[in-house]
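Trainee: I am sharing coords.txt, which consists of compact mmCIF, C-alpha atoms and all ligand atoms:
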# COMPACT_ATOMS: atom_id res chain seq x y z
CA MET A 1 0.00 0.00 0.00
CA SER A 2 1.26 3.39 -0.91
CA TYR A 3 -1.34 5.29 1.07
CA ARG A 4 0.09 7.03 4.11
CA LEU A 5 -1.72 7.43 7.38
CA ILE A 6 -2.29 11.07 8.26
CA PRO A 7 -1.92 11.49 12.04
CA PRO A 8 -5.48 12.09 13.31
CA GLN A 9 -4.51 15.18 15.31
CA THR A 10 -3.36 16.99 12.13
CA PRO A 11 -5.44 20.14 11.53
CA VAL A 12 -7.39 19.94 8.29
CA SER A 13 -5.88 23.30 7.30
CA ALA A 14 -2.39 21.75 7.41
CA TYR A 15 -3.25 18.99 4.97
CA THR A 16 -2.59 20.43 1.51
CA THR A 17 -3.02 17.36 -0.71
CA PRO A 18 -6.17 17.78 -2.86
CA ILE A 19 -7.54 14.28 -2.22
CA VAL A 20 -7.83 11.98 0.78
CA GLN A 21 -8.79 8.39 1.47
CA VAL A 22 -11.02 7.51 4.42
CA GLU A 23 -11.11 3.95 5.67
CA CYS A 24 -12.65 2.33 8.73
CA HIS A 25 -11.32 -1.12 9.58
CA ARG A 26 -14.29 -1.95 11.78
CA CYS A 27 -17.18 -1.09 9.47
CA ARG A 28 -15.13 -1.64 6.31
CA ARG A 29 -16.24 1.69 4.93
CA ASN A 30 -13.66 2.78 2.38
CA ALA A 31 -13.64 5.91 0.22
CA PRO A 32 -10.43 5.74 -1.82
CA SER A 33 -10.38 9.25 -3.25
CA LEU A 34 -12.38 12.13 -1.78
CA GLU A 35 -11.84 15.73 -2.82
CA MET A 36 -10.74 17.88 0.09
CA ASP A 37 -12.49 20.92 -1.42
CA LYS A 38 -15.86 19.20 -1.18
CA LEU A 39 -15.19 17.82 2.30
CA THR A 40 -14.20 21.19 3.75
CA LYS A 41 -17.23 22.84 2.17
CA ARG A 42 -19.42 20.29 3.87
CA PHE A 43 -17.70 19.82 7.22
CA GLY A 44 -15.66 23.01 7.56
CA ARG A 45 -11.92 23.50 8.03
CA ASN A 46 -11.91 23.99 11.76
CA LEU A 47 -11.37 20.37 12.77
CA THR A 48 -8.66 17.74 12.78
CA VAL A 49 -8.14 15.17 10.06
CA GLY A 50 -9.23 12.48 12.52
CA GLN A 51 -12.49 14.28 13.25
CA LEU A 52 -13.05 14.75 9.53
CA ALA A 53 -12.56 11.02 8.91
CA LEU A 54 -15.20 10.20 11.54
CA GLN A 55 -17.58 12.74 10.02
CA VAL A 56 -17.12 11.19 6.58
CA ALA A 57 -17.62 7.66 7.91
CA GLY A 58 -20.75 8.71 9.79
CA SER A 59 -22.41 10.35 6.80
CA GLY A 60 -23.22 9.40 3.27
CA ARG A 61 -25.34 6.67 1.82
CA ARG A 62 -23.94 3.92 4.04
CA PRO A 63 -22.90 5.58 7.27
CA CYS A 64 -20.76 3.67 9.74
CA GLY A 65 -23.06 1.76 12.09
CA LEU A 66 -20.60 2.29 14.93
CA ALA A 67 -20.53 6.08 14.67
CA ASP A 68 -23.05 6.58 17.49
CA SER A 69 -21.26 4.19 19.84
CA GLY A 70 -17.96 6.03 19.34
CA GLN A 71 -16.36 2.82 18.11
CA CYS A 72 -15.91 3.80 14.49
CA SER A 73 -12.21 3.68 13.78
CA ALA A 74 -12.20 5.65 10.53
CA MET A 75 -8.79 7.04 9.64
CA ALA A 76 -7.61 9.30 6.85
CA TYR A 77 -4.80 8.40 4.45
CA GLU A 78 -2.89 10.46 1.92
CA PRO A 79 -3.04 8.90 -1.56
CA PRO A 80 0.27 8.50 -3.44
CA PRO A 81 1.44 11.49 -5.51
CA TRP A 82 0.93 9.92 -8.92
CA MET A 83 -2.82 9.94 -8.27
CA TRP A 84 -3.06 13.69 -7.86
CA ALA A 85 0.24 15.42 -8.72
CA LYS A 86 0.99 17.45 -11.84
CA ILE A 87 4.23 17.74 -13.80
CA ARG A 88 4.79 21.02 -11.95
CA ASP A 89 4.95 19.17 -8.63
CA ALA A 90 7.54 16.76 -10.04
CA LEU A 91 9.56 19.65 -11.43
CA GLU A 92 9.52 21.71 -8.25
CA GLY A 93 10.20 18.70 -6.04
CA ASN A 94 13.04 17.38 -8.22
CA TRP A 95 11.29 14.04 -8.59
CA LEU A 96 13.05 11.45 -10.68
CA ALA A 97 11.11 9.75 -13.49
CA ARG A 98 12.37 6.33 -14.56
CA MET A 99 10.57 4.81 -17.52
CA LYS A 100 10.52 1.09 -18.26
CA CYS A 101 9.17 -0.87 -21.20
CA GLU A 102 6.07 -2.99 -20.51
CA ARG A 103 5.72 -4.74 -23.85
CA HIS A 104 4.84 -8.36 -23.14
CA MET A 105 3.52 -9.25 -26.59
CA ALA A 106 5.03 -8.70 -30.05
CA ALA A 107 3.65 -10.10 -33.33
CA MET A 108 1.17 -12.21 -31.34
CA ARG A 109 3.92 -13.82 -29.29
CA ARG A 110 4.95 -13.41 -25.72
CA THR A 111 8.11 -11.38 -25.36
CA SER A 112 10.15 -9.84 -22.60
CA PRO A 113 10.01 -6.09 -22.12
CA CYS A 114 13.13 -4.17 -23.11
CA PRO A 115 15.44 -4.14 -20.07
CA GLU A 116 16.60 -0.52 -20.41
CA VAL A 117 15.55 2.11 -17.90
CA THR A 118 15.22 5.60 -19.33
CA VAL A 119 15.49 8.55 -16.98
CA LEU A 120 13.11 11.20 -18.29
CA ASP A 121 13.89 14.88 -18.27
CA VAL A 122 11.01 16.36 -16.30
CA LEU A 123 11.61 19.89 -17.59
CA THR A 124 11.24 18.71 -21.19
CA LEU A 125 8.02 16.92 -20.22
CA ALA A 126 6.71 20.19 -18.76
CA ILE A 127 7.69 22.11 -21.91
CA ALA A 128 6.04 19.56 -24.19
CA LEU A 129 2.89 18.77 -22.23
CA GLY A 130 2.39 21.79 -19.97
CA HIS A 131 3.16 22.09 -16.30
CA ASP A 132 -0.46 21.27 -15.40
CA PHE A 133 -0.38 17.87 -17.06
CA PRO A 134 -1.43 15.11 -14.60
CA LEU A 135 1.21 12.47 -13.89
CA SER A 136 -1.44 9.77 -14.07
CA ARG A 137 -1.83 10.40 -17.82
CA LEU A 138 1.87 10.54 -18.62
CA PRO A 139 2.55 6.88 -19.54
CA GLY A 140 -0.11 7.11 -22.26
CA ARG A 141 1.94 9.83 -23.97
CA LEU A 142 5.28 8.03 -23.97
CA ARG A 143 6.92 5.27 -25.98
CA CYS A 144 9.74 2.87 -25.31
CA PRO A 145 12.87 4.17 -27.11
CA LYS A 146 13.94 0.63 -28.01
CA CYS A 147 10.83 -1.03 -29.43
CA TRP A 148 8.66 2.10 -29.77
CA GLY A 149 5.87 0.27 -28.01
CA SER A 150 3.30 2.37 -26.19
CA LEU A 151 3.18 0.23 -23.06
CA VAL A 152 5.48 1.83 -20.52
CA ASN A 153 5.62 2.31 -16.77
CA ILE A 154 7.06 5.21 -14.86
CA ASP A 155 8.61 4.82 -11.43
CA TRP A 156 8.54 8.17 -9.67
CA VAL A 157 11.24 8.64 -7.07
CA VAL A 158 10.23 11.36 -4.66
CA PRO A 159 13.16 12.71 -2.65
CA PRO A 160 12.56 13.40 1.04
CA THR A 161 11.51 16.97 1.76
CA THR A 162 11.33 19.02 4.94
CA PRO A 163 8.67 17.19 6.91
CA GLU A 164 5.29 18.86 6.80
CA PRO A 165 3.24 18.96 10.01
CA TYR A 166 1.29 15.86 9.04
CA ALA A 167 4.15 13.99 7.37
CA PRO A 168 4.99 10.58 8.82
CA ALA A 169 8.48 10.20 10.26
CA ALA A 170 9.55 7.70 7.64
CA ALA A 171 9.61 10.02 4.64
CA ASP A 172 11.89 7.66 2.78
CA VAL A 173 12.52 7.84 -0.92
CA THR A 174 9.50 6.15 -2.46
CA PRO A 175 9.51 4.98 -6.06
CA LEU A 176 6.02 4.96 -7.49
CA ARG A 177 4.98 2.87 -10.44
CA LEU A 178 2.58 4.11 -13.08
CA LYS A 179 0.76 1.72 -15.33
CA PRO A 180 -0.03 2.72 -18.90
CA THR A 181 -3.08 4.92 -19.29
CA GLY A 182 -6.05 4.55 -21.59
CA ALA A 183 -7.77 1.22 -21.79
CA ASN A 184 -5.00 -0.37 -19.81
CA LEU A 185 -5.39 2.11 -17.03
CA ALA A 186 -9.01 1.15 -16.62
CA ARG A 187 -8.16 -2.53 -16.49
CA LYS A 188 -5.02 -2.49 -14.47
CA ARG A 189 -4.68 -1.41 -10.91
CA LEU A 190 -2.01 1.18 -10.21
CA LYS A 191 0.50 0.07 -7.66
CA VAL A 192 3.64 1.03 -5.89
CA VAL A 193 6.91 -0.82 -6.11
CA ASN A 194 9.61 -1.08 -3.55
CA GLY A 195 13.28 -0.63 -4.18
CA GLY A 196 14.63 1.80 -6.73
CA ASN A 197 18.26 1.64 -5.65
CA GLU A 198 19.71 0.40 -8.89
ZN ZN A 201 -16.65 2.76 11.00
ZN ZN A 202 10.44 -1.68 -25.39
Represent the supplied structure as structure tokens.
Mentor:
Amino acid sequence: MSYRLIPPQTPVSAYTTPIVQVECHRCRRNAPSLEMDKLTKRFGRNLTVGQLALQVAGSGRRPCGLADSGQCSAMAYEPPPWMWAKIRDALEGNWLARMKCERHMAAMRRTSPCPEVTVLDVLTLAIALGHDFPLSRLPGRLRCPKCWGSLVNIDWVVPPTTPEPYAPAAADVTPLRLKPTGANLARKRLKVVNGGNE
């Protein structure tokens, strides 16, 4: 899982990521991607992230049945950057983009993807696609420089930054893997990979 727990005592005003996940392990209520704008309009900004998570779990079409008893254990999690970040974020944060071939079929036969890893120049990406371009759509615009196939992944390596008030202590370098967009994006689940030390 690449979602990071936001400490419940964090003030909502200190959480600057545009989306949030709310999950309650007891009632199994799970909202993977909620827009903070809408949540703060509805519940206000003058509360902690933990209080907001309980509010979310206790409302909606299927509210948590434990909300009244105080036993709802809803928590808020920050989704990984590739779900919400733009090229601008990668540029300003000096993120590293490592592209890998994902071609598993060629001429109707199974084949191995090209082994090369291409480090992308993020500034050139911003010049070509605009600084507002969402990272989630990037793999759909790129091709493998060896086979020119359109199935590629991007591992984003996010360097540690000065910890924000809500940031967990372990702000380690986290490579993030993007699956190809388009039809593949709909079929495949995006996931995070470990490692990235090669
Ligand atoms: Zn609950
Ligand atoms: Zn290739």
Trainee: Please give me, as a list in words, the residues lying within 10 Å of ligand ZN 201 (chain A) when counting all atoms listed in the file.
Mentor: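 With all atoms listed in the file and a cut-off of 10 Å, ligand ZN 201 (chain A) is contacted by Val22, Glu23, Cys24, His25, Arg26, Cys27, Arg28, Arg29, Asn30, Ala53, Leu54, Val56, Ala57, Gly58, Pro63, Cys64, Gly65, Leu66, Ala67, Asp68, Gly70, Gln71, Cys72, Ser73, Ala74 and Met75 of chain A.
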Trainee: One decimal, in Å: what's the spacing between atom CA of Trp156 of chain A and atom CA of Ser136 of chain A?
Mentor: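 Computed distance, atom CA of Trp156 of chain A to atom CA of Ser136 of chain A, equals 11.0 Å.
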Trainee: My list of candidates is A:Arg88, A:Met36, A:Ala31, A:Pro81. Which is closest to Ser59 of chain A when distances are computed with only C-alpha atoms?
Mentor: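 Residue with the minimum atom-to-atom distance to Ser59 of chain A: A:Ala31.
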Trainee: Could you work out how far atom CA of Val12 of chain A lies from atom CA of Ile87 of chain A, giving the answer in Å with one decimal?
Mentor: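 Between these atoms lies a distance of 25.1 Å.
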Trainee: With all atoms listed in the file as the basis for distance, which of A:Ala90, A:Cys147, A:Leu96, A:Ala126 is at the shortest distance from Thr111 of chain A?
Mentor: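 For Thr111 of chain A, the nearest of the given residues is A:Cys147.
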Trainee: All residues within 12 Å of ligand ZN 202 (chain A) are required, counting all atoms listed in the file; please report them as an MDAnalysis selection string.
Mentor: chainID A and resid 99:106 111:118 142:153
Trainee: Quote the spacing between atom CA of Lys86 of chain A and atom CA of Gln21 of chain A in Å to one decimal place.
Mentor: 18.8 Å
Trainee: Skip Tyr3 of chain A itself and residues of its chain fewer than 3 positions away, then list as an MDAnalysis selection string all residues within 6 Å of it, counting all atoms listed in the file.
Mentor: chainID A and resid 77:80
Trainee: From the set A:His131, A:Arg141, A:Lys38, A:Arg4, which residue has the shortest atom-to-atom contact distance to Ala85 of chain A, counting only C-alpha atoms?
Mentor: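 Checking each candidate against Ala85 of chain A, we get A:His131 as the closest.
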